[in-house]
file work31.csv (CSV, C-alpha atoms)
chain,number,residue,atom,x,y,z
A,29,MET,CA,8.5,76.3,26.9
A,30,LYS,CA,10.4,76.2,23.7
A,31,VAL,CA,11.4,72.6,24.4
A,32,ILE,CA,7.7,71.6,24.9
A,33,ILE,CA,6.7,73.3,21.6
A,34,SER,CA,9.4,71.6,19.7
A,35,LEU,CA,8.4,68.3,21.3
A,36,GLY,CA,4.8,68.8,20.2
A,37,ALA,CA,6.0,69.8,16.7
A,38,TRP,CA,8.1,66.7,16.5
A,39,LEU,CA,5.2,64.5,17.5
A,40,PHE,CA,3.0,66.2,14.9
A,41,ASP,CA,5.6,65.7,12.2
A,42,TRP,CA,6.1,62.1,13.2
A,43,LEU,CA,2.4,61.4,13.1
A,44,GLU,CA,2.0,63.1,9.8
A,45,ALA,CA,4.8,61.0,8.3
A,46,VAL,CA,3.4,57.8,9.6
A,47,GLY,CA,-0.1,58.7,8.3
A,48,ARG,CA,1.3,59.6,4.9
A,49,ALA,CA,3.3,56.4,4.8
A,50,GLY,CA,0.2,54.4,5.6
A,51,ILE,CA,-1.9,56.1,2.9
A,52,PHE,CA,1.0,55.6,0.5
A,53,LEU,CA,1.2,51.9,1.3
A,54,VAL,CA,-2.5,51.3,1.0
A,55,GLN,CA,-2.8,53.2,-2.2
A,56,SER,CA,0.1,51.4,-3.9
A,57,VAL,CA,-1.0,47.9,-2.9
A,58,CYS,CA,-4.7,48.6,-3.8
A,59,ARG,CA,-3.7,49.8,-7.3
A,60,PHE,CA,-1.6,46.8,-8.0
A,61,PRO,CA,-2.9,45.3,-11.3
A,62,VAL,CA,-5.3,42.4,-10.7
A,63,ARG,CA,-4.7,41.0,-14.1
A,64,PHE,CA,-2.5,38.0,-13.7
A,65,SER,CA,-0.2,38.3,-16.6
A,66,GLU,CA,0.6,41.9,-16.0
A,67,SER,CA,1.2,41.5,-12.3
A,68,VAL,CA,3.4,38.5,-12.9
A,69,ASN,CA,5.4,40.5,-15.4
A,70,LEU,CA,6.0,43.2,-12.9
A,71,LEU,CA,6.7,40.9,-10.0
A,72,VAL,CA,9.2,38.6,-11.6
A,73,LYS,CA,11.8,41.3,-12.1
A,74,GLN,CA,11.5,42.5,-8.6
A,75,LEU,CA,11.5,38.9,-7.1
A,76,TYR,CA,14.7,38.4,-9.0
A,77,SER,CA,16.5,41.5,-7.7
A,78,VAL,CA,15.1,41.3,-4.2
A,79,GLY,CA,15.0,37.6,-3.6
A,80,VAL,CA,17.3,35.7,-5.9
A,81,LEU,CA,20.2,38.1,-5.5
A,82,SER,CA,19.8,37.9,-1.6
A,83,LEU,CA,20.0,34.2,-1.7
A,84,VAL,CA,23.8,33.8,-1.4
A,85,ILE,CA,24.2,36.0,1.6
A,86,ILE,CA,21.3,34.3,3.3
A,87,LEU,CA,22.7,30.8,2.6
A,88,VAL,CA,26.2,31.6,3.7
A,89,SER,CA,25.3,33.6,6.8
A,90,GLY,CA,22.7,31.0,7.8
A,91,ALA,CA,25.3,28.2,7.6
A,92,PHE,CA,27.8,30.2,9.6
A,93,ILE,CA,25.3,31.1,12.3
A,94,GLY,CA,24.3,27.5,12.6
A,95,MET,CA,27.9,26.4,13.0
A,96,VAL,CA,28.7,29.0,15.6
A,97,LEU,CA,25.6,28.1,17.6
A,98,SER,CA,26.6,24.5,17.6
A,99,LEU,CA,30.1,25.2,18.8
A,100,GLN,CA,28.9,27.6,21.5
A,101,GLY,CA,26.0,25.4,22.6
A,102,TYR,CA,28.2,22.3,22.6
A,103,SER,CA,30.8,23.8,24.8
A,104,ILE,CA,28.2,24.7,27.4
A,105,LEU,CA,26.0,21.6,27.1
A,106,ALA,CA,29.0,19.3,27.4
A,107,LYS,CA,29.5,20.5,30.9
A,108,PHE,CA,26.1,19.0,31.8
A,109,GLY,CA,26.8,15.9,29.8
A,110,SER,CA,23.9,16.5,27.5
A,111,GLU,CA,25.6,17.2,24.2
A,112,GLU,CA,22.7,15.7,22.3
A,113,ALA,CA,20.5,18.6,23.2
A,114,VAL,CA,22.6,20.8,20.8
A,115,GLY,CA,20.1,19.8,18.1
A,116,GLN,CA,17.2,21.1,20.1
A,117,LEU,CA,19.1,24.3,21.0
A,118,LEU,CA,20.1,24.9,17.4
A,119,ALA,CA,16.6,24.3,15.9
A,120,LEU,CA,14.6,26.2,18.5
A,121,SER,CA,16.9,29.3,18.6
A,122,LEU,CA,17.1,29.4,14.8
A,123,LEU,CA,13.4,28.8,14.1
A,124,ARG,CA,12.0,31.0,16.8
A,125,GLU,CA,14.4,33.9,16.9
A,126,LEU,CA,17.5,34.1,14.9
A,127,SER,CA,16.4,33.2,11.4
A,128,PRO,CA,13.5,35.8,11.1
A,129,VAL,CA,15.5,38.5,12.8
A,130,VAL,CA,18.9,38.0,11.2
A,131,THR,CA,17.3,37.5,7.8
A,132,ALA,CA,15.3,40.7,8.2
A,133,LEU,CA,18.4,42.6,9.2
A,134,LEU,CA,20.4,41.3,6.3
A,135,PHE,CA,17.4,41.9,4.0
A,136,ALA,CA,17.2,45.5,5.2
A,137,GLY,CA,20.9,46.0,4.4
A,138,ARG,CA,21.0,44.1,1.2
A,139,ALA,CA,17.6,44.7,-0.5
A,140,GLY,CA,16.0,47.5,1.5
A,141,SER,CA,18.9,49.9,0.9
A,142,SER,CA,19.0,49.1,-2.8
A,143,LEU,CA,15.2,49.6,-3.1
A,144,THR,CA,15.5,53.0,-1.5
A,145,ALA,CA,18.4,54.0,-3.6
A,146,GLU,CA,16.8,52.8,-6.8
A,147,ILE,CA,13.5,54.6,-6.2
A,148,GLY,CA,15.3,57.7,-4.9
A,149,LEU,CA,17.4,57.8,-8.1
A,150,MET,CA,14.3,57.4,-10.2
A,151,LYS,CA,12.9,60.4,-8.4
A,152,ALA,CA,16.1,62.4,-8.8
A,153,THR,CA,16.3,61.7,-12.5
A,154,GLU,CA,12.6,62.5,-12.8
A,155,GLN,CA,11.6,59.0,-14.1
A,156,LEU,CA,8.7,59.0,-11.6
A,157,SER,CA,7.4,62.3,-13.0
A,158,SER,CA,7.7,61.1,-16.5
A,159,TYR,CA,5.7,58.0,-15.7
A,160,GLU,CA,3.0,60.4,-14.4
A,161,MET,CA,3.2,62.4,-17.5
A,162,MET,CA,2.7,59.3,-19.6
A,163,GLY,CA,-0.4,58.6,-17.6
A,164,VAL,CA,1.2,55.6,-15.8
A,165,ASP,CA,0.7,55.6,-12.1
A,166,PRO,CA,4.2,55.3,-10.5
A,167,LEU,CA,2.7,53.8,-7.3
A,168,ARG,CA,1.2,51.0,-9.3
A,169,ARG,CA,4.1,50.5,-11.7
A,170,VAL,CA,7.1,51.1,-9.4
A,171,ILE,CA,6.2,50.9,-5.8
A,172,ALA,CA,3.6,48.1,-5.6
A,173,PRO,CA,5.6,45.3,-7.3
A,174,ARG,CA,8.6,46.1,-5.1
A,175,PHE,CA,6.6,46.0,-2.0
A,176,ILE,CA,4.8,42.8,-2.8
A,177,ALA,CA,8.1,41.1,-3.9
A,178,GLY,CA,9.7,42.0,-0.6
A,179,VAL,CA,6.8,40.6,1.4
A,180,ILE,CA,6.9,37.3,-0.6
A,181,CYS,CA,10.7,37.0,-0.5
A,182,LEU,CA,11.6,37.6,3.2
A,183,PRO,CA,9.6,34.6,4.6
A,184,LEU,CA,11.0,32.3,2.0
A,185,LEU,CA,14.5,33.6,2.7
A,186,SER,CA,14.0,33.1,6.4
A,187,LEU,CA,13.0,29.5,5.9
A,188,ILE,CA,16.0,29.0,3.7
A,189,PHE,CA,18.1,30.6,6.4
A,190,SER,CA,16.8,28.1,9.0
A,191,ALA,CA,17.4,25.1,6.8
A,192,SER,CA,20.9,26.2,5.9
A,193,GLY,CA,21.6,27.0,9.6
A,194,ILE,CA,20.4,23.6,10.8
A,195,LEU,CA,22.5,21.8,8.1
A,196,GLY,CA,25.5,23.9,9.0
A,197,GLY,CA,25.0,23.2,12.7
A,198,GLN,CA,24.6,19.5,11.9
A,199,LEU,CA,27.9,19.5,10.0
A,200,VAL,CA,29.8,20.9,13.0
A,201,SER,CA,28.1,19.1,15.8
A,202,VAL,CA,27.8,15.7,14.2
A,203,GLY,CA,30.7,15.8,11.8
A,204,TRP,CA,33.3,17.6,13.9
A,205,LEU,CA,32.3,17.5,17.5
A,206,GLY,CA,31.1,13.9,17.4
A,207,VAL,CA,27.5,14.3,18.6
A,208,TYR,CA,25.6,11.1,17.9
A,209,ASP,CA,23.5,11.7,14.7
A,210,GLY,CA,20.4,9.9,15.8
A,211,ALA,CA,20.2,11.7,19.1
A,212,PHE,CA,20.9,15.0,17.4
A,213,TRP,CA,17.8,14.7,15.2
A,214,SER,CA,15.5,13.0,17.7
A,215,SER,CA,16.1,15.7,20.4
A,216,MET,CA,15.3,18.2,17.7
A,217,GLN,CA,12.2,16.5,16.5
A,218,GLN,CA,10.9,16.0,20.1
A,219,SER,CA,11.1,19.6,21.0
A,220,VAL,CA,10.2,21.4,17.7
A,221,HIS,CA,6.5,21.7,17.0
A,222,PHE,CA,5.4,22.6,13.5
A,223,ASP,CA,2.7,25.1,14.4
A,224,THR,CA,4.2,26.8,17.5
A,225,ASP,CA,7.8,27.0,16.3
A,226,ILE,CA,8.0,27.0,12.5
A,227,MET,CA,4.8,28.8,11.8
A,228,ASN,CA,5.4,31.5,14.4
A,229,GLY,CA,8.8,32.1,12.8
A,230,VAL,CA,7.1,32.5,9.4
A,231,ILE,CA,4.6,34.9,10.9
A,232,LYS,CA,7.4,36.9,12.4
A,233,ALA,CA,9.2,37.0,9.0
A,234,VAL,CA,6.0,38.2,7.3
A,235,CYS,CA,5.6,41.0,9.8
A,236,PHE,CA,9.3,42.0,9.4
A,237,ALA,CA,8.9,41.9,5.6
A,238,VAL,CA,6.0,44.3,5.6
A,239,VAL,CA,7.8,46.7,7.9
A,240,VAL,CA,11.2,46.6,6.1
A,241,THR,CA,9.9,46.9,2.6
A,242,TRP,CA,7.4,49.6,3.6
A,243,ILE,CA,10.1,51.7,5.2
A,244,ALA,CA,12.4,51.1,2.2
A,245,VAL,CA,10.0,52.1,-0.6
A,246,TYR,CA,8.6,55.0,1.4
A,247,GLN,CA,12.0,56.4,2.2
A,248,GLY,CA,12.9,56.2,-1.5
A,249,TYR,CA,9.7,57.8,-2.6
A,250,GLU,CA,9.8,60.6,-0.2
A,251,CYS,CA,13.6,61.4,-0.3
A,252,VAL,CA,15.0,64.7,-1.2
A,253,PRO,CA,15.9,64.2,-4.9
A,254,THR,CA,19.6,65.0,-4.7
A,255,SER,CA,22.6,62.8,-4.4
A,256,GLU,CA,22.9,63.8,-0.7
A,257,GLY,CA,19.2,63.2,-0.1
A,258,ILE,CA,19.4,59.7,-1.6
A,259,GLY,CA,22.4,58.8,0.6
A,260,LYS,CA,20.6,60.0,3.7
A,261,ALA,CA,17.4,58.2,2.8
A,262,THR,CA,19.3,55.0,2.3
A,263,THR,CA,21.0,55.3,5.7
A,264,ARG,CA,17.7,56.1,7.2
A,265,THR,CA,16.1,53.0,5.7
A,266,VAL,CA,18.8,50.7,7.2
A,267,VAL,CA,18.7,52.4,10.6
A,268,LEU,CA,15.0,52.6,10.9
A,269,SER,CA,14.3,49.1,9.7
A,270,SER,CA,16.9,47.6,12.0
A,271,LEU,CA,15.4,49.4,14.9
A,272,ALA,CA,11.9,48.5,13.9
A,273,ILE,CA,12.8,44.8,13.4
A,274,LEU,CA,14.3,44.5,16.9
A,275,ALA,CA,11.5,46.4,18.6
A,276,LEU,CA,8.8,44.5,16.8
A,277,ASP,CA,10.6,41.2,17.5
A,278,PHE,CA,10.3,41.8,21.2
A,279,VAL,CA,6.6,42.6,20.9
A,280,LEU,CA,5.9,39.5,18.7
A,281,THR,CA,8.0,37.2,20.9
A,282,ALA,CA,6.1,38.4,24.0
A,283,ALA,CA,2.8,37.8,22.2
A,284,MET,CA,3.8,34.3,20.9
A,285,PHE,CA,5.9,32.8,23.6
A,286,GLY,CA,5.2,35.1,26.6
A,287,ASP,CA,2.4,33.1,28.2
A,288,PHE,CA,4.2,30.8,30.6
B,28,MET,CA,11.1,42.4,-22.0
B,29,ARG,CA,11.8,40.0,-19.2
B,30,SER,CA,14.5,37.4,-19.6
B,31,LYS,CA,13.8,33.7,-19.4
B,32,ARG,CA,16.8,33.5,-17.1
B,33,ALA,CA,15.3,35.7,-14.5
B,34,GLU,CA,12.1,33.8,-14.6
B,35,LEU,CA,13.9,30.5,-14.2
B,36,LEU,CA,15.9,31.8,-11.3
B,37,VAL,CA,12.8,33.2,-9.6
B,38,GLY,CA,11.1,29.9,-10.1
B,39,CYS,CA,14.1,28.1,-8.5
B,40,PHE,CA,14.1,30.5,-5.6
B,41,ILE,CA,10.4,29.9,-4.8
B,42,VAL,CA,10.9,26.1,-5.1
B,43,LEU,CA,13.9,26.4,-2.8
B,44,GLY,CA,11.9,28.3,-0.3
B,45,VAL,CA,9.0,25.8,-0.3
B,46,ALA,CA,11.5,23.0,-0.1
B,47,ALA,CA,13.1,24.6,2.9
B,48,LEU,CA,9.6,24.7,4.6
B,49,VAL,CA,9.0,21.0,3.8
B,50,TYR,CA,12.4,20.1,5.0
B,51,LEU,CA,11.9,22.0,8.3
B,52,ALA,CA,8.5,20.4,8.8
B,53,VAL,CA,9.5,16.8,8.1
B,54,GLN,CA,13.1,16.6,9.3
B,55,VAL,CA,13.2,19.2,12.0
B,56,SER,CA,9.8,19.1,13.6
B,57,GLY,CA,9.2,15.5,12.8
B,58,LEU,CA,5.8,16.3,11.4
B,59,ALA,CA,4.5,13.1,9.7
B,60,PHE,CA,1.9,13.7,7.1
B,61,SER,CA,0.5,10.2,7.5
B,62,SER,CA,0.6,10.4,11.3
B,63,LYS,CA,-3.2,10.2,11.6
B,64,LYS,CA,-2.8,6.6,12.5
B,65,ASP,CA,-5.8,4.9,14.1
B,66,THR,CA,-5.7,5.1,17.8
B,67,TYR,CA,-7.7,4.1,20.8
B,68,GLN,CA,-8.1,6.0,24.0
B,69,VAL,CA,-7.0,4.8,27.4
B,70,VAL,CA,-7.2,6.7,30.7
B,71,ALA,CA,-5.2,6.5,33.9
B,72,ARG,CA,-5.3,8.4,37.2
B,73,PHE,CA,-2.1,9.5,38.8
B,74,ASP,CA,-1.4,11.0,42.3
B,75,ASP,CA,1.3,13.3,40.8
B,76,ILE,CA,2.3,13.8,37.2
B,77,ALA,CA,5.0,16.4,37.9
B,78,GLY,CA,5.7,18.0,34.6
B,79,LEU,CA,4.1,15.6,32.2
B,80,THR,CA,2.6,17.5,29.3
B,81,SER,CA,0.1,16.7,26.6
B,82,ARG,CA,1.8,15.2,23.5
B,83,ALA,CA,4.3,13.4,25.7
B,84,LYS,CA,5.0,10.0,24.5
B,85,VAL,CA,3.7,6.7,25.8
B,86,SER,CA,6.1,3.8,25.5
B,87,ILE,CA,6.3,0.1,26.0
B,88,ALA,CA,9.8,-1.3,26.4
B,89,GLY,CA,11.1,2.1,25.4
B,90,VAL,CA,9.3,2.1,22.0
B,91,THR,CA,6.8,4.8,21.5
B,92,VAL,CA,3.3,3.4,21.0
B,93,GLY,CA,1.2,6.5,21.6
B,94,SER,CA,1.0,10.0,23.0
B,95,VAL,CA,-0.8,11.8,25.8
B,96,GLU,CA,-3.9,13.5,24.6
B,97,SER,CA,-5.0,15.5,27.5
B,98,ILE,CA,-4.4,16.0,31.2
B,99,THR,CA,-7.2,17.1,33.5
B,100,PHE,CA,-7.8,17.3,37.2
B,101,ASP,CA,-10.2,14.8,38.7
B,102,LYS,CA,-12.1,16.8,41.2
B,103,GLU,CA,-13.6,13.9,43.2
B,104,LEU,CA,-10.5,11.9,43.7
B,105,TYR,CA,-8.0,14.8,43.7
B,106,MET,CA,-5.9,13.0,41.1
B,107,ALA,CA,-4.6,13.8,37.6
B,108,LEU,CA,-6.7,12.2,34.9
B,109,VAL,CA,-4.4,11.5,31.9
B,110,THR,CA,-6.1,10.5,28.6
B,111,MET,CA,-3.7,8.9,26.1
B,112,ASN,CA,-4.0,7.7,22.5
B,113,ILE,CA,-2.4,4.4,21.7
B,114,HIS,CA,-1.9,3.1,18.2
B,115,SER,CA,-4.5,0.5,17.2
B,116,ASP,CA,-2.0,-2.0,16.0
B,117,VAL,CA,-0.8,-2.3,19.6
B,118,ASN,CA,-4.0,-3.9,20.8
B,119,ASN,CA,-2.6,-6.6,23.1
B,120,ILE,CA,-1.9,-4.7,26.3
B,121,PRO,CA,-3.3,-6.7,29.3
B,122,THR,CA,-5.7,-4.8,31.6
B,123,ASP,CA,-3.6,-5.3,34.7
B,124,SER,CA,-0.6,-3.6,33.1
B,125,SER,CA,0.9,-0.8,35.2
B,126,ILE,CA,1.8,2.6,34.0
B,127,ALA,CA,4.5,5.0,35.4
B,128,VAL,CA,5.6,8.6,34.8
B,129,LEU,CA,9.3,8.3,33.8
B,130,THR,CA,12.0,10.8,32.9
B,131,SER,CA,14.3,10.4,30.0
B,132,GLY,CA,17.8,11.0,31.2
B,133,LEU,CA,18.5,12.9,34.4
B,134,LEU,CA,16.9,16.2,33.4
B,135,GLY,CA,15.0,15.1,30.3
B,136,GLU,CA,11.3,15.3,29.6
B,137,LYS,CA,8.6,13.2,31.2
B,138,TYR,CA,7.0,10.3,29.5
B,139,LEU,CA,4.7,7.4,30.3
B,140,GLY,CA,6.0,3.9,30.4
B,141,ILE,CA,3.7,0.8,30.4
B,142,SER,CA,4.8,-2.4,32.1
B,143,ILE,CA,3.0,-5.4,30.7
B,144,GLY,CA,0.8,-7.4,33.1
B,145,ALA,CA,-0.4,-11.0,32.8
B,146,ASP,CA,-4.2,-10.7,32.4
B,147,ASP,CA,-6.0,-12.4,29.5
B,148,GLU,CA,-8.2,-9.4,28.9
B,149,MET,CA,-6.8,-6.6,26.8
B,150,LEU,CA,-7.2,-2.8,27.0
B,151,LYS,CA,-9.7,-1.4,24.6
B,152,ASN,CA,-11.1,2.0,23.8
B,153,GLY,CA,-12.1,3.9,26.9
B,154,SER,CA,-10.7,1.4,29.4
B,155,GLU,CA,-8.6,2.5,32.4
B,156,ILE,CA,-5.2,1.4,33.7
B,157,TYR,CA,-5.6,1.2,37.5
B,158,ASP,CA,-2.1,0.4,38.5
B,159,THR,CA,-0.3,3.7,38.3
B,160,GLN,CA,3.0,5.0,39.6
B,161,SER,CA,3.5,8.7,40.1
B,162,ALA,CA,6.5,10.7,39.0
B,163,LEU,CA,9.6,10.6,41.1
B,164,VAL,CA,9.8,14.0,42.6
B,165,LEU,CA,13.3,14.9,43.4
B,166,GLU,CA,12.4,17.1,46.4
B,167,THR,CA,10.4,14.3,48.1
B,168,LEU,CA,13.2,11.9,47.5
B,169,ILE,CA,15.8,14.2,49.0
B,170,SER,CA,13.6,14.9,52.1
B,171,GLN,CA,13.0,11.2,52.6
B,172,PHE,CA,16.7,10.5,52.4
B,173,LEU,CA,17.5,13.3,54.9
B,174,PHE,CA,14.9,12.0,57.4
B,175,LYS,CA,16.3,8.5,57.1
B,176,ALA,CA,19.8,9.8,57.6
B,177,GLY,CA,18.6,11.7,60.7
B,178,ASP,CA,16.9,8.6,62.1
B,179,SER,CA,19.9,6.4,61.7
B,180,GLU,CA,22.1,8.7,63.7
B,181,LYS,CA,20.0,8.2,66.9
call {"tool": "encode", "arguments": {"input": "work31.csv", "output": "structure tokens"}}
result
Amino acid sequence: MKVIISLGAWLFDWLEAVGRAGIFLVQSVCRFPVRFSESVNLLVKQLYSVGVLSLVIILVSGAFIGMVLSLQGYSILAKFGSEEAVGQLLALSLLRELSPVVTALLFAGRAGSSLTAEIGLMKATEQLSSYEMMGVDPLRRVIAPRFIAGVICLPLLSLIFSASGILGGQLVSVGWLGVYDGAFWSSMQQSVHFDTDIMNGVIKAVCFAVVVTWIAVYQGYECVPTSEGIGKATTRTVVLSSLAILALDFVLTAAMFGDF
Amino acid sequence: MRSKRAELLVGCFIVLGVAALVYLAVQVSGLAFSSKKDTYQVVARFDDIAGLTSRAKVSIAGVTVGSVESITFDKELYMALVTMNIHSDVNNIPTDSSIAVLTSGLLGEKYLGISIGADDEMLKNGSEIYDTQSALVLETLISQFLFKAGDSEK
């Protein structure tokens, strides 16, 4: 009986948290200043810290993942005598699956955690309450630009990841393993379709971006304002967003590529 | 107080992202922005198309001259009706040319190959190629081979 009661209580808590997070998100996005100059002012700083600073890790990991995929793919495809298909393998696996997912995971670790820690520390040092006292809405001033910057950055980063991965893969397969350059690109171009492959990857990245940044800003805003609480909230951001990305990826993949 | 440096870097970041999209579109998916070439439609009926899909290429002498627009089932003749778009600058295909479903490589994708005939009349929009060869289905080939092998033993 106790177990069932606690199960019910857990479900209620969970639903309440989701509801609160939803209201929080809608409020902060709706209150974002419509005036162009003001919103750009707020956004640029966040775009810098969320996007530009994540660029290096995305470029480097993209290149390495492309290189590893080429090596692995080549060693298997060479058994069937179709080494040229490594271009197709590389492009499809990057565009459809790896680049949105891995970028989102890296983004959760690199940018999501720092968003949570930053907002949590603002709460702990009572900056958020002082904003309120000055009559400035913290949702509008602090949360909204961070959320919107995250949603803009992640799809761009994912595209950069794909491009960097394909170039890295080309370097290994053409430059090192000796796959014929023309066949590499033509097998890729034949199999990759702009709307089904590239755009679906972008849609995935946008969905992940919303989820990851939402979790990050909400965890920061709702954390217990102590040093321990901030630490826990940061961990929770990374864990929850990673799980959410992987679960959501399955759902999205089933919806996009599931009809055989 | 926002620094010019941050603005510049953010601008570069967005340009880089858009450049990545354009790169993927052009180089990786082979999307050509001027690909809306003038084409004319030709149809052909096949007994068996075995894995041919729309957007597959149509080639003459191995050079791509068009693509498959749609594949439908002809209810009266029980055949596959393939509609294809051929580039308008290739306007000298004789009407008695034959068309076959071919495979690129051993396990590659299916495409259509046109072998040129000798007629004076040329294909134009809406005309049909009557001389068609179906796809080579591996199972049929193997079973024929096995039957022949069985016969020769007698």
call {"tool": "atom_distance", "arguments": {"input": "work31.csv", "atom1": "CA of Val240 (chain A)", "atom2": "CA of Phe175 (chain A)"}}
result
9.3 Å
call {"tool": "residues_around", "arguments": {"input": "work31.csv", "residues": "Ser154 (chain B)", "least_positions_apart": "6", "cutoff": "10 Å", "atoms": "all atoms listed in the file", "output": "list in words"}}
result
Tyr67, Gln68, Val69, Val70, Ala71 and Thr122 of chain B
call {"tool": "interface_residues", "arguments": {"input": "work31.csv", "of": "chain A", "to": "chain B", "cutoff": "7 Å", "atoms": "all atoms listed in the file", "output": "list in words"}}
result
Val72, Leu75, Tyr76, Val80, Leu184, Leu185, Leu187, Ile188, Ala191, Met216, Gln217, Val220, His221 and Phe222 of chain A
call {"tool": "residues_near_point", "arguments": {"input": "work31.csv", "point": "(5.1, 40.9, -9.5)", "cutoff": "10 Å", "atoms": "only C-alpha atoms", "output": "list in words"}}
result
Phe60, Pro61, Phe64, Ser65, Glu66, Ser67, Val68, Asn69, Leu70, Leu71, Val72, Lys73, Gln74, Leu75, Tyr76, Arg169, Ala172, Pro173, Arg174, Phe175, Ile176, Ala177 and Ile180 of chain A
call {"tool": "residues_around", "arguments": {"input": "work31.csv", "residues": "Leu195 (chain A)", "least_positions_apart": "5", "cutoff": "12 Å", "atoms": "all atoms listed in the file", "output": "PyMOL selection string"}}
result
(chain A and resi 87-88+90-95+97-98+115+118-119+122+188-190+200-203+212-213) or (chain B and resi 47+50-51+54-55)
call {"tool": "write_last_selection", "arguments": {"input": "work31.csv", "atoms": "C-alpha atoms", "output": "short mmCIF file (atom, residue, chain, number, x, y, z; two decimals), keeping the file's coordinate frame"}}
result
data_model
loop_
_atom_site.label_atom_id
_atom_site.label_comp_id
_atom_site.auth_asym_id
_atom_site.auth_seq_id
_atom_site.Cartn_x
_atom_site.Cartn_y
_atom_site.Cartn_z
CA LEU A 87 22.70 30.80 2.60
CA VAL A 88 26.20 31.60 3.70
CA GLY A 90 22.70 31.00 7.80
CA ALA A 91 25.30 28.20 7.60
CA PHE A 92 27.80 30.20 9.60
CA ILE A 93 25.30 31.10 12.30
CA GLY A 94 24.30 27.50 12.60
CA MET A 95 27.90 26.40 13.00
CA LEU A 97 25.60 28.10 17.60
CA SER A 98 26.60 24.50 17.60
CA GLY A 115 20.10 19.80 18.10
CA LEU A 118 20.10 24.90 17.40
CA ALA A 119 16.60 24.30 15.90
CA LEU A 122 17.10 29.40 14.80
CA ILE A 188 16.00 29.00 3.70
CA PHE A 189 18.10 30.60 6.40
CA SER A 190 16.80 28.10 9.00
CA VAL A 200 29.80 20.90 13.00
CA SER A 201 28.10 19.10 15.80
CA VAL A 202 27.80 15.70 14.20
CA GLY A 203 30.70 15.80 11.80
CA PHE A 212 20.90 15.00 17.40
CA TRP A 213 17.80 14.70 15.20
CA ALA B 47 13.10 24.60 2.90
CA TYR B 50 12.40 20.10 5.00
CA LEU B 51 11.90 22.00 8.30
CA GLN B 54 13.10 16.60 9.30
CA VAL B 55 13.20 19.20 12.00
#
call {"tool": "closest_residue", "arguments": {"input": "work31.csv", "among": "A:Ser89, A:Ser269, A:Ser56, A:Asn228", "to": "Leu133 (chain A)", "atoms": "all atoms listed in the file"}}
result
A:Ser269
call {"tool": "closest_residue", "arguments": {"input": "work31.csv", "among": "A:Gln218, A:Leu156, A:Val239, A:Met284", "to": "Ser270 (chain A)", "atoms": "only C-alpha atoms"}}
result
A:Val239
call {"tool": "atom_distance", "arguments": {"input": "work31.csv", "atom1": "CA of Ser77 (chain A)", "atom2": "CA of Val267 (chain A)"}}
result
21.4 Å
call {"tool": "atom_distance", "arguments": {"input": "work31.csv", "atom1": "CA of Tyr138 (chain B)", "atom2": "CA of Val85 (chain B)"}}
result
6.1 Å
call {"tool": "closest_residue", "arguments": {"input": "work31.csv", "among": "A:Val129, A:Val266, A:Leu83, A:Met227", "to": "Phe278 (chain A)", "atoms": "all atoms listed in the file"}}
result
A:Val129
call {"tool": "residues_around", "arguments": {"input": "work31.csv", "residues": "region 246-263 of chain A", "least_positions_apart": "6", "cutoff": "12 Å", "atoms": "all atoms listed in the file", "output": "PyMOL selection string"}}
result
chain A and resi 45-54+56+136-157+166-167+170-172+174-175+238-240+269-270
call {"tool": "write_last_selection", "arguments": {"input": "work31.csv", "atoms": "C-alpha atoms", "output": "short mmCIF file (atom, residue, chain, number, x, y, z; two decimals), in the frame of the given file"}}
result
data_model
loop_
_atom_site.label_atom_id
_atom_site.label_comp_id
_atom_site.auth_asym_id
_atom_site.auth_seq_id
_atom_site.Cartn_x
_atom_site.Cartn_y
_atom_site.Cartn_z
CA ALA A 45 4.80 61.00 8.30
CA VAL A 46 3.40 57.80 9.60
CA GLY A 47 -0.10 58.70 8.30
CA ARG A 48 1.30 59.60 4.90
CA ALA A 49 3.30 56.40 4.80
CA GLY A 50 0.20 54.40 5.60
CA ILE A 51 -1.90 56.10 2.90
CA PHE A 52 1.00 55.60 0.50
CA LEU A 53 1.20 51.90 1.30
CA VAL A 54 -2.50 51.30 1.00
CA SER A 56 0.10 51.40 -3.90
CA ALA A 136 17.20 45.50 5.20
CA GLY A 137 20.90 46.00 4.40
CA ARG A 138 21.00 44.10 1.20
CA ALA A 139 17.60 44.70 -0.50
CA GLY A 140 16.00 47.50 1.50
CA SER A 141 18.90 49.90 0.90
CA SER A 142 19.00 49.10 -2.80
CA LEU A 143 15.20 49.60 -3.10
CA THR A 144 15.50 53.00 -1.50
CA ALA A 145 18.40 54.00 -3.60
CA GLU A 146 16.80 52.80 -6.80
CA ILE A 147 13.50 54.60 -6.20
CA GLY A 148 15.30 57.70 -4.90
CA LEU A 149 17.40 57.80 -8.10
CA MET A 150 14.30 57.40 -10.20
CA LYS A 151 12.90 60.40 -8.40
CA ALA A 152 16.10 62.40 -8.80
CA THR A 153 16.30 61.70 -12.50
CA GLU A 154 12.60 62.50 -12.80
CA GLN A 155 11.60 59.00 -14.10
CA LEU A 156 8.70 59.00 -11.60
CA SER A 157 7.40 62.30 -13.00
CA PRO A 166 4.20 55.30 -10.50
CA LEU A 167 2.70 53.80 -7.30
CA VAL A 170 7.10 51.10 -9.40
CA ILE A 171 6.20 50.90 -5.80
CA ALA A 172 3.60 48.10 -5.60
CA ARG A 174 8.60 46.10 -5.10
CA PHE A 175 6.60 46.00 -2.00
CA VAL A 238 6.00 44.30 5.60
CA VAL A 239 7.80 46.70 7.90
CA VAL A 240 11.20 46.60 6.10
CA SER A 269 14.30 49.10 9.70
CA SER A 270 16.90 47.60 12.00
#
